[in-house]
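Step one of this worksheet: look at the structure below.
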Amino acid sequence: MAAAMKVICMMFLVALITLIFHTHHAHGAISADTQKLIDEANMNGPYLGLLIPNLFEMNPLLQHPNYTSTNFTIDIAGRRFRFGKIVEKNVILVMTGLSMINAGITSQLLLTLFKIEGVVHYGIAGNANPSLHIGFVTIPQYWSHSALWSWQRYGYRPSDELPLETNGDYTRTIGYIKFADYAENVTACNSHDNLLNNVWFQPEEVFPVDGTSEQRQHAFWIPADPLYFNISKSLEDMELENCVNATTCLDETPRVVQVHGGTSAGIYVDNAAYRSFIYNKFNVSPVDMESAAVALICMQQRVPFIIIRALSDLAGGGSAESNEIDTFISLASNNSVNVVVEFIKRLVAAPLVSDH
């Protein structure tokens with residue numbers, strides 16, 4: 001009798017665990033039904049993953065004549081993964097949401113759950129480069145995250161060592177911003193100072209999948225995939241939208257440009273002084289809040305990527321009366337989508353590279 005009761009109890013326990021597993025997503029676990037959908041999707045892979053910050057940047061692609069939806073979606077962890085085709089390429093579209101954290105989480109989910117051959121991240125961005133104009137579509141060769149800082153205490157000078165610098169945790173090799181340089185009406189005084197002192201820019205700690213677990217590496221500039229970047233060079237002959245409507249057009253005709261770098265931070269930049277600083281310090285053109293997270297995850301996972309950002313505003317470099325993004329957000333979104341679609345067309349047509 002005791003043995004029979006043990007068997008009955010064990011059977012009940014197994015049934016209960018199975019019921020919980022199928023009906024609840026405890027602590028973010030993927031249900032058996034969702035895992036079945038993932039397995040089904042991966043049978044049709046690999047895919048080109050398209051990571052998109054917001055719906056206003058995604059909707060023009062969903063409506064684009066070269067995008068064909070399979071009407072198959074998988075919802076995981078608050079994200080919706082949409083499956084379709086652009087030209088002959090199988091693609092997965094997913095909205096990341098605003099910010100570095102959201103972009104990093106979504107990128108890791110995409111690369112962990114699905115068979116991904118490469119990543120295209122696109123959207124709008126602010127423009128720090130005074131030689132470029134609104135509506136231009138930029139393709140940077142490198143991306144950086146410029147909001148990982150070591151904030152130096154007041155009274156310390158640039159020649160003074162940072163805390164934990166000798167351990168390799170922080171460095172002074174990348175450079176800093178001195179807040180006293182931006183004090184108004186006192187810069188002519190030799191003794192001017194600022195309690196905020198200096199902020200030193202830091203590289204990210206990265207842990208590549210082909211490295212040794214828990215042994216960190218450091219990266220500040222993350223390069224786009226060389227093949228993707230080379231293909232994107234041919235996009236510079238594209239014609240882009242120039243007008244929002246019949247009465248609102250840009251003075252400069254937009255074009256596609258490859259640029260040295262872009263930078264990301266959890267900051268919406270709308271400040272002329274900081275715009276000028278990051279351009280002169282880092283030679284960056286687009287500034288946004290997500291791209292570096294995508295680049296860092298792809299680099300760590302050894303997945304090729306490219307980032308395409310259309311300039312929607314001047315990051316504080318325009319007039320004081322208005323922010324240009326309110327007027328040109330739709331034009332910039334459409335231009336970024338058109339460039340992405342053309343990039344995928346040319347990627348499909350490109351000769352295969354055996355070691356890519």
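Each chain in the structure tokens gets a letter, A, B and so on, in the order shown; residues start at 1 in every chain, and ligands are counted from 1 in the order they appear.
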Name the residues of range 119-250 of chain A that come out as strand (DSSP E) in a backbone DSSP run; write them as a ChimeraX atom specification. /A:119-127,137-145,149-151,176-178,198-201,204-206,217-219,221-223
Using only C-alpha atoms, what table do you get, as a Markdown table, when you list each residue of range 127-224 of chain A with an atom no more than 12 Å from range 250-269 of chain A, its nearest pair of atoms, and their distance in Å rounded to one decimal, rows by chain then rising number?
```
| residue | atom | partner | partner_atom | distance |
| --- | --- | --- | --- | --- |
| A:Asn127 | CA | A:Val269 | CA | 9.4 |
| A:Ala128 | CA | A:Gly262 | CA | 9.1 |
| A:Asn129 | CA | A:Val259 | CA | 9.7 |
| A:Ser131 | CA | A:Glu252 | CA | 11.1 |
| A:Leu132 | CA | A:Val257 | CA | 9.0 |
| A:His133 | CA | A:Glu252 | CA | 6.9 |
| A:Ile134 | CA | A:Pro254 | CA | 7.3 |
| A:Gly135 | CA | A:Pro254 | CA | 5.1 |
| A:Phe136 | CA | A:Pro254 | CA | 4.5 |
| A:Val137 | CA | A:Val256 | CA | 4.7 |
| A:Thr138 | CA | A:Val257 | CA | 5.1 |
| A:Ile139 | CA | A:Gln258 | CA | 4.7 |
| A:Pro140 | CA | A:Val259 | CA | 4.6 |
| A:Gln141 | CA | A:His260 | CA | 5.3 |
| A:Tyr142 | CA | A:Gly261 | CA | 4.6 |
| A:Trp143 | CA | A:Gly262 | CA | 4.9 |
| A:Ser144 | CA | A:Thr263 | CA | 4.7 |
| A:His145 | CA | A:Ser264 | CA | 5.0 |
| A:Ser146 | CA | A:Ala265 | CA | 5.8 |
| A:Ala147 | CA | A:Ala265 | CA | 5.2 |
| A:Leu148 | CA | A:Ala265 | CA | 8.4 |
| A:Trp149 | CA | A:Ala265 | CA | 11.0 |
| A:Phe201 | CA | A:Ala265 | CA | 11.6 |
| A:Phe220 | CA | A:Thr263 | CA | 9.9 |
| A:Trp221 | CA | A:Gly261 | CA | 8.4 |
| A:Ile222 | CA | A:Gly261 | CA | 9.3 |
| A:Pro223 | CA | A:Gly261 | CA | 9.0 |
| A:Ala224 | CA | A:Gly261 | CA | 9.9 |
```
Export C-alpha atoms of the chosen residues as a PDB file, in the first residue's frame?
```
ATOM      1  CA  ASN A 127      23.085  64.453 -36.504  1.00  0.00           C
ATOM      2  CA  ALA A 128      26.315  65.635 -34.882  1.00  0.00           C
ATOM      3  CA  ASN A 129      28.179  66.184 -38.161  1.00  0.00           C
ATOM      4  CA  SER A 131      28.717  68.701 -43.002  1.00  0.00           C
ATOM      5  CA  LEU A 132      25.651  66.422 -43.194  1.00  0.00           C
ATOM      6  CA  HIS A 133      21.978  67.368 -43.342  1.00  0.00           C
ATOM      7  CA  ILE A 134      18.543  66.183 -42.267  1.00  0.00           C
ATOM      8  CA  GLY A 135      17.221  63.354 -44.414  1.00  0.00           C
ATOM      9  CA  PHE A 136      20.685  61.947 -45.137  1.00  0.00           C
ATOM     10  CA  VAL A 137      21.078  58.239 -44.391  1.00  0.00           C
ATOM     11  CA  THR A 138      24.322  57.386 -42.611  1.00  0.00           C
ATOM     12  CA  ILE A 139      26.116  54.038 -42.512  1.00  0.00           C
ATOM     13  CA  PRO A 140      28.911  54.165 -39.919  1.00  0.00           C
ATOM     14  CA  GLN A 141      31.899  51.858 -40.072  1.00  0.00           C
ATOM     15  CA  TYR A 142      32.202  51.937 -36.273  1.00  0.00           C
ATOM     16  CA  TRP A 143      29.886  52.388 -33.299  1.00  0.00           C
ATOM     17  CA  SER A 144      30.628  53.326 -29.722  1.00  0.00           C
ATOM     18  CA  HIS A 145      28.773  53.576 -26.433  1.00  0.00           C
ATOM     19  CA  SER A 146      29.707  56.980 -25.044  1.00  0.00           C
ATOM     20  CA  ALA A 147      27.883  56.933 -21.708  1.00  0.00           C
ATOM     21  CA  LEU A 148      29.990  54.497 -19.708  1.00  0.00           C
ATOM     22  CA  TRP A 149      31.901  56.920 -17.525  1.00  0.00           C
ATOM     23  CA  PHE A 201      34.820  57.861 -21.302  1.00  0.00           C
ATOM     24  CA  PHE A 220      34.948  51.100 -27.338  1.00  0.00           C
ATOM     25  CA  TRP A 221      34.711  51.103 -31.158  1.00  0.00           C
ATOM     26  CA  ILE A 222      32.795  48.173 -32.653  1.00  0.00           C
ATOM     27  CA  PRO A 223      33.268  47.687 -36.412  1.00  0.00           C
ATOM     28  CA  ALA A 224      30.432  46.849 -38.790  1.00  0.00           C
TER      29      ALA A 224
END
```
Mind checking which residues fall within 9 Å of range 56-58 of chain A, counting only C-alpha atoms, ignoring those fewer than 2 positions away in the same chain, and posting them as an mmCIF file with C-alpha atoms, in the first residue's frame?
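What ended up in out31.cif:
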```
data_model
loop_
_atom_site.group_PDB
_atom_site.id
_atom_site.type_symbol
_atom_site.label_atom_id
_atom_site.label_comp_id
_atom_site.auth_asym_id
_atom_site.auth_seq_id
_atom_site.Cartn_x
_atom_site.Cartn_y
_atom_site.Cartn_z
ATOM 1 C CA ILE A 52 14.001 48.315 -35.157
ATOM 2 C CA PRO A 53 13.694 50.797 -32.267
ATOM 3 C CA ASN A 54 10.071 51.957 -32.635
ATOM 4 C CA PRO A 60 7.017 51.856 -43.303
ATOM 5 C CA LEU A 61 8.781 48.505 -43.749
ATOM 6 C CA LEU A 62 5.629 46.511 -43.012
ATOM 7 C CA GLN A 63 3.910 48.547 -45.748
ATOM 8 C CA LEU A 93 11.492 41.839 -37.712
ATOM 9 C CA VAL A 94 11.398 42.796 -34.052
ATOM 10 C CA MET A 95 10.904 46.114 -32.282
ATOM 11 C CA TYR A 122 18.006 50.756 -38.690
ATOM 12 C CA GLY A 123 16.029 53.812 -37.658
ATOM 13 C CA ILE A 124 16.387 57.555 -37.207
ATOM 14 C CA ILE A 329 10.520 62.162 -38.517
ATOM 15 C CA SER A 330 8.387 60.481 -41.187
ATOM 16 C CA ALA A 332 13.758 60.146 -42.160
ATOM 17 C CA SER A 333 11.956 56.907 -41.262
ATOM 18 C CA ASN A 334 10.955 56.328 -44.885
ATOM 19 C CA SER A 336 15.983 54.568 -43.660
ATOM 20 C CA VAL A 337 13.539 51.837 -44.716
#
```
Could you pull the residues within 10 Å of range 298-307 of chain A, counting only C-alpha atoms, minus those fewer than 3 positions along the same chain, as a PDB file with N, CA and C atoms, in the first residue's frame?
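Written output follows (out-v2.pdb):
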```pdb
ATOM      1  N   LEU A  48      17.839  36.782 -41.739  1.00  0.00           N
ATOM      2  CA  LEU A  48      18.449  38.072 -41.497  1.00  0.00           C
ATOM      3  C   LEU A  48      17.586  38.762 -40.452  1.00  0.00           C
ATOM      4  N   GLY A  49      18.175  39.122 -39.328  1.00  0.00           N
ATOM      5  CA  GLY A  49      17.420  39.764 -38.264  1.00  0.00           C
ATOM      6  C   GLY A  49      17.392  41.268 -38.423  1.00  0.00           C
ATOM      7  N   LEU A  50      16.200  41.858 -38.381  1.00  0.00           N
ATOM      8  CA  LEU A  50      16.044  43.306 -38.469  1.00  0.00           C
ATOM      9  C   LEU A  50      15.565  43.831 -37.123  1.00  0.00           C
ATOM     10  N   LEU A  51      16.430  44.573 -36.463  1.00  0.00           N
ATOM     11  CA  LEU A  51      16.130  45.158 -35.161  1.00  0.00           C
ATOM     12  C   LEU A  51      15.761  46.620 -35.348  1.00  0.00           C
ATOM     13  N   GLY A 104      19.672  45.946 -26.175  1.00  0.00           N
ATOM     14  CA  GLY A 104      20.547  44.829 -25.826  1.00  0.00           C
ATOM     15  C   GLY A 104      19.775  43.566 -25.514  1.00  0.00           C
ATOM     16  N   SER A 107      18.261  42.185 -28.788  1.00  0.00           N
ATOM     17  CA  SER A 107      19.310  41.608 -29.636  1.00  0.00           C
ATOM     18  C   SER A 107      19.712  40.225 -29.139  1.00  0.00           C
ATOM     19  N   GLN A 108      19.887  40.101 -27.825  1.00  0.00           N
ATOM     20  CA  GLN A 108      20.299  38.812 -27.278  1.00  0.00           C
ATOM     21  C   GLN A 108      19.204  37.768 -27.449  1.00  0.00           C
ATOM     22  N   LEU A 111      19.265  36.569 -31.138  1.00  0.00           N
ATOM     23  CA  LEU A 111      20.404  35.726 -31.500  1.00  0.00           C
ATOM     24  C   LEU A 111      20.429  34.411 -30.733  1.00  0.00           C
ATOM     25  N   THR A 112      19.831  34.396 -29.554  1.00  0.00           N
ATOM     26  CA  THR A 112      19.796  33.164 -28.752  1.00  0.00           C
ATOM     27  C   THR A 112      18.723  32.205 -29.233  1.00  0.00           C
ATOM     28  N   ILE A 116      20.174  33.012 -36.902  1.00  0.00           N
ATOM     29  CA  ILE A 116      20.380  34.330 -37.504  1.00  0.00           C
ATOM     30  C   ILE A 116      21.723  34.348 -38.225  1.00  0.00           C
ATOM     31  N   GLU A 117      21.708  34.710 -39.503  1.00  0.00           N
ATOM     32  CA  GLU A 117      22.944  34.782 -40.277  1.00  0.00           C
ATOM     33  C   GLU A 117      23.571  36.158 -40.235  1.00  0.00           C
ATOM     34  N   GLY A 118      22.789  37.163 -39.896  1.00  0.00           N
ATOM     35  CA  GLY A 118      23.290  38.523 -39.818  1.00  0.00           C
ATOM     36  C   GLY A 118      22.201  39.447 -39.296  1.00  0.00           C
ATOM     37  N   VAL A 119      22.598  40.649 -38.917  1.00  0.00           N
ATOM     38  CA  VAL A 119      21.675  41.617 -38.317  1.00  0.00           C
ATOM     39  C   VAL A 119      21.772  42.949 -39.045  1.00  0.00           C
ATOM     40  N   VAL A 120      20.607  43.527 -39.332  1.00  0.00           N
ATOM     41  CA  VAL A 120      20.509  44.901 -39.826  1.00  0.00           C
ATOM     42  C   VAL A 120      19.706  45.692 -38.798  1.00  0.00           C
ATOM     43  N   HIS A 121      20.313  46.719 -38.275  1.00  0.00           N
ATOM     44  CA  HIS A 121      19.624  47.611 -37.335  1.00  0.00           C
ATOM     45  C   HIS A 121      19.450  48.953 -38.027  1.00  0.00           C
ATOM     46  N   TYR A 122      18.233  49.486 -37.995  1.00  0.00           N
ATOM     47  CA  TYR A 122      18.006  50.756 -38.690  1.00  0.00           C
ATOM     48  C   TYR A 122      17.020  51.615 -37.909  1.00  0.00           C
ATOM     49  N   GLY A 123      16.959  52.881 -38.285  1.00  0.00           N
ATOM     50  CA  GLY A 123      16.029  53.812 -37.658  1.00  0.00           C
ATOM     51  C   GLY A 123      16.468  55.240 -37.931  1.00  0.00           C
ATOM     52  N   THR A 138      22.926  57.653 -42.944  1.00  0.00           N
ATOM     53  CA  THR A 138      24.322  57.386 -42.611  1.00  0.00           C
ATOM     54  C   THR A 138      24.539  55.897 -42.350  1.00  0.00           C
ATOM     55  N   ILE A 139      25.713  55.419 -42.772  1.00  0.00           N
ATOM     56  CA  ILE A 139      26.116  54.038 -42.512  1.00  0.00           C
ATOM     57  C   ILE A 139      27.512  54.090 -41.896  1.00  0.00           C
ATOM     58  N   PRO A 140      27.607  54.066 -40.579  1.00  0.00           N
ATOM     59  CA  PRO A 140      28.911  54.165 -39.919  1.00  0.00           C
ATOM     60  C   PRO A 140      29.706  52.861 -40.011  1.00  0.00           C
ATOM     61  N   GLN A 141      31.020  53.025 -40.101  1.00  0.00           N
ATOM     62  CA  GLN A 141      31.899  51.858 -40.072  1.00  0.00           C
ATOM     63  C   GLN A 141      32.104  51.378 -38.644  1.00  0.00           C
ATOM     64  N   TYR A 142      31.994  52.286 -37.680  1.00  0.00           N
ATOM     65  CA  TYR A 142      32.202  51.937 -36.273  1.00  0.00           C
ATOM     66  C   TYR A 142      31.104  52.548 -35.409  1.00  0.00           C
ATOM     67  N   TRP A 143      30.815  51.853 -34.299  1.00  0.00           N
ATOM     68  CA  TRP A 143      29.886  52.388 -33.299  1.00  0.00           C
ATOM     69  C   TRP A 143      30.531  52.357 -31.926  1.00  0.00           C
ATOM     70  N   VAL A 206      33.396  43.176 -22.551  1.00  0.00           N
ATOM     71  CA  VAL A 206      32.720  42.234 -23.447  1.00  0.00           C
ATOM     72  C   VAL A 206      33.243  40.833 -23.183  1.00  0.00           C
ATOM     73  N   PHE A 207      32.366  39.852 -23.448  1.00  0.00           N
ATOM     74  CA  PHE A 207      32.685  38.450 -23.209  1.00  0.00           C
ATOM     75  C   PHE A 207      32.302  37.645 -24.449  1.00  0.00           C
ATOM     76  N   PRO A 208      33.166  37.624 -25.461  1.00  0.00           N
ATOM     77  CA  PRO A 208      32.832  36.942 -26.723  1.00  0.00           C
ATOM     78  C   PRO A 208      32.562  35.455 -26.529  1.00  0.00           C
ATOM     79  N   VAL A 209      31.662  34.925 -27.356  1.00  0.00           N
ATOM     80  CA  VAL A 209      31.285  33.509 -27.233  1.00  0.00           C
ATOM     81  C   VAL A 209      32.448  32.584 -27.538  1.00  0.00           C
ATOM     82  N   ASP A 210      33.416  33.049 -28.313  1.00  0.00           N
ATOM     83  CA  ASP A 210      34.559  32.211 -28.626  1.00  0.00           C
ATOM     84  C   ASP A 210      35.751  32.495 -27.710  1.00  0.00           C
ATOM     85  N   GLY A 211      35.499  33.268 -26.652  1.00  0.00           N
ATOM     86  CA  GLY A 211      36.535  33.540 -25.668  1.00  0.00           C
ATOM     87  C   GLY A 211      36.414  32.588 -24.488  1.00  0.00           C
ATOM     88  N   GLN A 217      37.087  41.166 -22.072  1.00  0.00           N
ATOM     89  CA  GLN A 217      37.840  41.984 -23.009  1.00  0.00           C
ATOM     90  C   GLN A 217      37.209  43.376 -22.978  1.00  0.00           C
ATOM     91  N   ALA A 219      36.073  46.944 -25.314  1.00  0.00           N
ATOM     92  CA  ALA A 219      35.831  47.488 -26.654  1.00  0.00           C
ATOM     93  C   ALA A 219      35.118  48.833 -26.527  1.00  0.00           C
ATOM     94  N   ILE A 222      33.208  49.482 -32.144  1.00  0.00           N
ATOM     95  CA  ILE A 222      32.795  48.173 -32.653  1.00  0.00           C
ATOM     96  C   ILE A 222      32.601  48.294 -34.162  1.00  0.00           C
ATOM     97  N   PRO A 223      33.362  47.546 -34.958  1.00  0.00           N
ATOM     98  CA  PRO A 223      33.268  47.687 -36.412  1.00  0.00           C
ATOM     99  C   PRO A 223      32.083  46.940 -37.004  1.00  0.00           C
ATOM    100  N   ALA A 224      31.452  47.543 -38.001  1.00  0.00           N
ATOM    101  CA  ALA A 224      30.432  46.849 -38.790  1.00  0.00           C
ATOM    102  C   ALA A 224      31.095  45.721 -39.568  1.00  0.00           C
ATOM    103  N   ASP A 225      30.295  44.754 -39.980  1.00  0.00           N
ATOM    104  CA  ASP A 225      30.822  43.645 -40.766  1.00  0.00           C
ATOM    105  C   ASP A 225      31.454  44.171 -42.060  1.00  0.00           C
ATOM    106  N   PRO A 226      32.676  43.754 -42.384  1.00  0.00           N
ATOM    107  CA  PRO A 226      33.361  44.296 -43.578  1.00  0.00           C
ATOM    108  C   PRO A 226      32.617  44.029 -44.882  1.00  0.00           C
ATOM    109  N   LEU A 227      32.039  42.827 -45.031  1.00  0.00           N
ATOM    110  CA  LEU A 227      31.299  42.529 -46.262  1.00  0.00           C
ATOM    111  C   LEU A 227      30.060  43.408 -46.370  1.00  0.00           C
ATOM    112  N   TYR A 228      29.298  43.503 -45.288  1.00  0.00           N
ATOM    113  CA  TYR A 228      28.099  44.335 -45.300  1.00  0.00           C
ATOM    114  C   TYR A 228      28.460  45.785 -45.593  1.00  0.00           C
ATOM    115  N   PHE A 229      29.535  46.261 -44.952  1.00  0.00           N
ATOM    116  CA  PHE A 229      29.928  47.654 -45.145  1.00  0.00           C
ATOM    117  C   PHE A 229      30.369  47.897 -46.582  1.00  0.00           C
ATOM    118  N   SER A 232      27.363  48.161 -48.772  1.00  0.00           N
ATOM    119  CA  SER A 232      26.629  49.413 -48.543  1.00  0.00           C
ATOM    120  C   SER A 232      27.240  50.587 -49.300  1.00  0.00           C
ATOM    121  N   GLY A 262      29.434  56.322 -35.391  1.00  0.00           N
ATOM    122  CA  GLY A 262      28.231  56.785 -34.718  1.00  0.00           C
ATOM    123  C   GLY A 262      28.381  56.459 -33.246  1.00  0.00           C
ATOM    124  N   SER A 291      21.905  51.842 -31.006  1.00  0.00           N
ATOM    125  CA  SER A 291      22.750  51.118 -31.954  1.00  0.00           C
ATOM    126  C   SER A 291      23.965  50.450 -31.333  1.00  0.00           C
ATOM    127  N   ALA A 292      24.619  51.102 -30.388  1.00  0.00           N
ATOM    128  CA  ALA A 292      25.813  50.511 -29.789  1.00  0.00           C
ATOM    129  C   ALA A 292      25.491  49.222 -29.053  1.00  0.00           C
ATOM    130  N   ALA A 293      24.305  49.134 -28.471  1.00  0.00           N
ATOM    131  CA  ALA A 293      23.916  47.895 -27.787  1.00  0.00           C
ATOM    132  C   ALA A 293      23.787  46.755 -28.784  1.00  0.00           C
ATOM    133  N   VAL A 294      23.177  47.036 -29.937  1.00  0.00           N
ATOM    134  CA  VAL A 294      23.065  46.025 -30.989  1.00  0.00           C
ATOM    135  C   VAL A 294      24.459  45.603 -31.451  1.00  0.00           C
ATOM    136  N   ALA A 295      25.331  46.588 -31.676  1.00  0.00           N
ATOM    137  CA  ALA A 295      26.685  46.297 -32.141  1.00  0.00           C
ATOM    138  C   ALA A 295      27.454  45.449 -31.132  1.00  0.00           C
ATOM    139  N   VAL A 340      17.419  50.299 -46.320  1.00  0.00           N
ATOM    140  CA  VAL A 340      17.519  48.927 -45.809  1.00  0.00           C
ATOM    141  C   VAL A 340      17.060  47.917 -46.856  1.00  0.00           C
ATOM    142  N   HIS A 356      32.622  33.869 -44.725  1.00  0.00           N
ATOM    143  CA  HIS A 356      31.794  34.880 -44.041  1.00  0.00           C
ATOM    144  C   HIS A 356      30.719  34.206 -43.202  1.00  0.00           C
TER     145      HIS A 356
END
```
Using only C-alpha atoms, which protein or nucleic acid residues come within 8 Å of range 65-75 of chain A? Drop anything in the same chain fewer than 6 positions from it, and give the result as a list of chain:residue names. A:Thr34, A:Leu37, A:Ile38, A:Phe81, A:Arg82, A:Phe83, A:Gly84, A:Lys85, A:Ile86, A:Val87, A:Val341
Print the selection's residues with C-alpha atoms to a file, as a CSV table (one decimal), in the first residue's frame.
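The result, stored in out-v4.csv:
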```csv
chain,number,residue,atom,x,y,z
A,34,THR,CA,6.3,28.7,-27.6
A,37,LEU,CA,7.0,27.6,-32.6
A,38,ILE,CA,10.6,28.6,-32.2
A,81,PHE,CA,9.0,38.5,-33.7
A,82,ARG,CA,7.5,38.9,-37.2
A,83,PHE,CA,8.5,36.6,-40.0
A,84,GLY,CA,8.6,37.5,-43.6
A,85,LYS,CA,10.7,38.0,-46.8
A,86,ILE,CA,12.4,40.9,-48.4
A,87,VAL,CA,13.2,40.0,-52.0
A,341,VAL,CA,15.4,47.3,-48.5
```
Å distance separating CA of Ile30 in chain A from CA of Leu109 in chain A, one decimal place: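 Those two atoms sit 11.6 Å apart.
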Let's see if you can do this: from backbone DSSP, list all helix (DSSP H, G or I) residues in range 275-308 of chain A, as an MDAnalysis selection string. chainID A and resid 275:282 291:301
Which one is closest to Glu239 in chain A: A:Met43, A:Leu164, A:Ala180, A:Val339? Count only C-alpha atoms. A:Val339
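Note that the spacing between CA of Gly78 in chain A and CA of Ile101 in chain A amounts to 13.8 Å.
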Please determine, counting only C-alpha atoms, which residue among A:Ala103, A:Ala29, A:Leu162, A:Ile174 has the shortest atom-to-atom distance to Glu204 in chain A.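 Closest residue, counting only C-alpha atoms: A:Ile174.
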Taking into account only C-alpha atoms, which residue in the set A:Gly97, A:Pro203, A:Gly316, A:Gly155 is nearest to Gly168 in chain A?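 Closest to Gly168 in chain A of all the choices is A:Pro203.
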Could you state the separation of CA of Thr248 in chain A and CA of Leu55 in chain A in Å, given to one decimal place? 23.5 Å
